[in-house]
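Participant: Dropping a structure here in structure tokens format, bear with me for questions.
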Amino acid sequence: MLSIALPKGRLGDKVYKMMTSAGYECPDYADNDRKLIVESADGTMRYLLVKPSDVAVYVEHGVADVGIVGKDILMEDEPDVYELLDLGIGKCRMCVAAPVGYEDDQERTLRVATKYVNVAKKHFMEKNRDIEIIKLNGSIELGPILDLTDVIVDIVETGTTIKENNLEISEAFKDISARLIANKAGFKFKNEAITEMVNRLKEGMEE
Amino acid sequence: MMDISGVKLRPAEAATLRLRGIYEKFGYRKFRMGRFEEYSLYAANADFLKGDKVISFTDLDGRLLAMKPDVTLSIIKNSKATMENGEKFYYIENVYREDKESNNFREVSQMGLESIGNVDDYGVTEVLALAARSLAEISDNYILEISNMEFVTELLGSMNLGYEDYVHMLTLIRQKNAPGIYKVGSQIGLKDSQIDVLKEIPTLYGSVDETIKRARKLVVNTPMADALDSLRDVCGGLAAFGMTEKVQIDLSIVNDIDYYNGIIFRGFIEGLPSNVLSGGQYDRAMKIFGRKVGAVGFALYLDEISRMETHKDEYDIDVLLLYEESDSPGDIAAVVTKLREQGLSVRAENNIPGELKYRKLMKVKEGEDNA
């Protein structure tokens with residue numbers, strides 16, 4: 001049986017639609033409010049409905065053979081998995097944003113609010129900029145507003161939240177979208193099933 | 001489970017014992033290493049370890065030492081092998097590594113085998129065959145994946161990439177990330193024909209003959225063709241050892257280019273989430289340490305194997321023999337002996353241990369009557 005880890009929520013629903021048109025349907029998905037596992041009628045596959053940031057964990061540890069996860073999470077956690085396909089949905093950008101009119105003072109340590117600690121570290125290290133990271137788990141925009149930090153590093157989809165909080169994007173440094181990942185051992189032992197899924201999803205995207 | 005004189009061995013323990021026998025029959029000697037090593041060895045070779053986190057401490061004489069995070073580096077540093085006088089040995093050691101998820105150090109148990117000296121195609125073949133045998137001892141459902149990393153490094157070498165782009169491309173190849181290869185290839189200005197070849201690398205896996213045949217079509221220089229020839233030759237050698245059925249090629253496996261070269265490989269067991277075996281040629285690492293000899297070896301991760309499901313006995317013990325103060329040691333011993341002779345396991349106690357799951361409870365008097 002093929003186990004697929006899906007992120008719960010809006011992205012998961014979009015992905016499930018793609019999976020259905022590729023022929024991977026689980027009728028129970030519709031009433032998935034409480035269910036954590038839904039199985040197909042013929043018992044050949046099942047979906048694990050998990051927190052988006054946990055998808056890669058389930059795949060890396062092999063309880064899910066494949067999973068769909070945002071590139072932002074792959075960049076942050078760097079799991080040891082195969083990244084087989086860019087599904088082209090859930091598109092957004094990884095950005096540095098600052099209050100409108102903010103000017104960077106290179107002589108000071110830059111204070112950065114983010115939930116992507118590793119991504120932010122790596123980005124500013126490449127620019128040789130000394131930073132101090134303050135990790136927040138949500139409402140990152142509050143960082144600069146309350147003068148907790150100078151800037152934020154976060155994913156931006158439409159930019160509305162950024163604008164509403166009187167911030168602006170100072171740098172967009174990576175395109176993010178949903179990716180199909182696979183466990184490295186599972187890819188060997190269930191190669192036929194996984195390759196077929198990749199091909200069917202590809203066909204669906206080309207249409 | 002393997003049963004040696006009544007002791008039920010765990011899969012990793014049983015594999016260790018059987019593999020020692022196999023390795024020794026091929027002339028590999030057991031090598032016992034010290035647990036500590038100069039800290040500077042790891043500081044200077046962080047790339048080899050894929051990290052620089054080691055447990056370090058100051059010895060009583062003031063030297064900075066480390067608990068070994070890896071065995072191979074110590075072997076490279078200390079080996080006395082020359083081209084004329086090769087060394088073949090195996091080891092079973094504990095090493096100490098960072099566990100990223102818990103952010104703690106973890107003790108990892110590994111068994112490995114190394115051949116250093118004038119390592120030719122046969123030498124590599126023999127180590128590959130032993131790797132396959134090692135996997136077969138653990139489970140029937142295994143896959144040994146082999147690559148010759150020169151195929152990819154020579155291809156990338158022909159493209160004149162900058163160091164960062166080179167490393168980035170290697171990462172994408174390891175991830176089988178074809179869309180990423182396409183995107184990055186376009187960004188750094190590779191020709192369409194070059195991108196088309198790179199994009200195919202993630203798909204170059206599968207059965208030996210068929211994969212080599214597909215790879216031939218992508219060859220752009222002689223070293224790449226040579227890489228495929230040597231891969232074909234060692235796989236041919238494996239056939240003579242009777243170990244080809246579960247062997248596959250995967251040309252997207254590439255190790256650290258500063259230390260490894262040539263044939264590299266990885267072993268998987270069905271049901272375990274990551275590779276349980278990894279190995280390859282590391283002539284380049286020997287060269288870094290100023291040694292002009294060939295080297296090949298592998299490590300087997302015993303902790304991964306111990307995750308395998310095993311049949312857990314329903315009972316801890318067959319008979320719990322409950323004695324009283326009035327029973328003499330001689331009487332108790334006689335009943336224990338009788339029950340043991342019937343092939344039963346016996347635990348004698350003067351009260352019932354709370355956690356113990358026993359098949360049968362017996363008093364000394366009953367034991368004397370029944371036995």
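Ligands are numbered from 1 in the order shown, chains are lettered A, B, ... in the order of the structure tokens, and residues start at 1 in each chain.
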Please identify all polymer residues within 10 Å of Ser21 (chain A), counting only C-alpha atoms, omitting same-chain residues fewer than 4 positions from it, and present them as a CSV table (one decimal) with N, CA and C atoms, in the first residue's frame.
Facilitator:
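As written to disk, out_18.csv reads:
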```csv
chain,number,residue,atom,x,y,z
A,16,TYR,N,-5.2,17.7,-3.1
A,16,TYR,CA,-6.1,16.6,-3.2
A,16,TYR,C,-6.9,16.6,-4.5
A,17,LYS,N,-7.3,17.8,-4.9
A,17,LYS,CA,-8.0,18.0,-6.2
A,17,LYS,C,-7.1,17.5,-7.4
A,25,GLU,N,-8.1,8.8,-5.7
A,25,GLU,CA,-9.3,9.3,-5.0
A,25,GLU,C,-9.5,8.5,-3.7
A,200,ARG,N,1.6,10.6,-13.9
A,200,ARG,CA,0.2,11.0,-14.0
A,200,ARG,C,0.0,12.4,-13.5
A,201,LEU,N,0.7,12.8,-12.5
A,201,LEU,CA,0.6,14.2,-12.0
A,201,LEU,C,1.2,15.2,-13.1
A,204,GLY,N,-1.3,15.6,-15.8
A,204,GLY,CA,-2.4,16.5,-15.3
A,204,GLY,C,-2.0,17.9,-15.4
```
Participant: Pull the closest atom pair for each residue of chain A that gets at most 9 Å from chain B, along with the distance in Å to one decimal, counting only C-alpha atoms, ordering rows by chain and then ascending residue number, as a Markdown table.
Facilitator:
```
| residue | atom | partner | partner_atom | distance |
| --- | --- | --- | --- | --- |
| A:Val59 | CA | B:Pro273 | CA | 8.5 |
| A:Glu60 | CA | B:Pro273 | CA | 7.0 |
| A:His61 | CA | B:Pro273 | CA | 5.4 |
| A:Gly62 | CA | B:Pro273 | CA | 4.5 |
| A:Val63 | CA | B:Pro273 | CA | 7.8 |
| A:Asp80 | CA | B:Gln175 | CA | 8.0 |
| A:Val81 | CA | B:Gln175 | CA | 6.5 |
| A:Tyr82 | CA | B:Gln175 | CA | 4.4 |
| A:Glu83 | CA | B:Asn177 | CA | 5.1 |
| A:Leu84 | CA | B:Asn177 | CA | 5.3 |
| A:Leu85 | CA | B:Pro179 | CA | 6.5 |
| A:Asp86 | CA | B:Pro179 | CA | 6.5 |
| A:Asn183 | CA | B:Pro273 | CA | 7.0 |
| A:Lys184 | CA | B:Ser274 | CA | 6.5 |
| A:Ala185 | CA | B:Ser274 | CA | 5.6 |
| A:Gly186 | CA | B:Pro273 | CA | 7.1 |
| A:Lys188 | CA | B:Ile143 | CA | 7.7 |
| A:Phe189 | CA | B:Glu270 | CA | 6.6 |
```
Participant: Where does DSSP see strand (DSSP E) in region 103-314 of chain B, if you list the residues as an NGL selection string?
Facilitator: :B and (104-117 or 142-148 or 205-206 or 247-250 or 261-269 or 277-281 or 294-301)
Participant: Which residues are near region 289-293 of chain B? Cut-off 12 Å, only C-alpha atoms, ignore same chain within fewer than 3 positions. Put them as a PyMOL selection string.
Facilitator: chain B and resi 41+44-45+73-87+115-120+258-259+281-286+296
Participant: Quick one: residues within 10 Å of Leu300 (chain B), only C-alpha atoms, excluding same-chain residues fewer than 5 positions away - as a PyMOL selection string?
Facilitator: chain B and resi 16+92+109-113+131+134-135+266-267+275-279+305
Participant: Report as number ranges by chain all protein, DNA and RNA residues lying within 6 Å of region 88-95 of chain A, evaluated on only C-alpha atoms, omitting residues in the same chain fewer than 3 positions from it.
Facilitator: A: 153-157, 171-178
Participant: May I ask for the distance between CA of Glu325 (chain B) and CA of Gly343 (chain B), given in Å to one decimal place?
Facilitator: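 Between CA of Glu325 (chain B) and CA of Gly343 (chain B) the gap is 26.6 Å.
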Participant: Could you list, as a PyMOL selection string, every residue within 10 Å of Leu130 (chain B), counting only C-alpha atoms and ignoring same-chain residues fewer than 6 positions away?
Facilitator: chain B and resi 19+22-23+26+113+124+136+238+241+243+297-298
Participant: Give the helix (DSSP H, G or I) residues of chain A, as assigned by DSSP on the backbone, as a count of residues only.
Facilitator: 74
Participant: Need to verify the contact set: Asn350 (chain B), 10 Å, only C-alpha atoms, exclusion of same-chain residues closer than 2 positions in sequence. Can you return it as a VMD selection string?
Facilitator: chain B and resid 320 to 325 348 352 to 353 363
Participant: Please indicate the distance in Å from CA of Val55 (chain A) to CA of Gly12 (chain A), rounded to one decimal place.
Facilitator: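 Separation of CA of Val55 (chain A) and CA of Gly12 (chain A): 10.9 Å.
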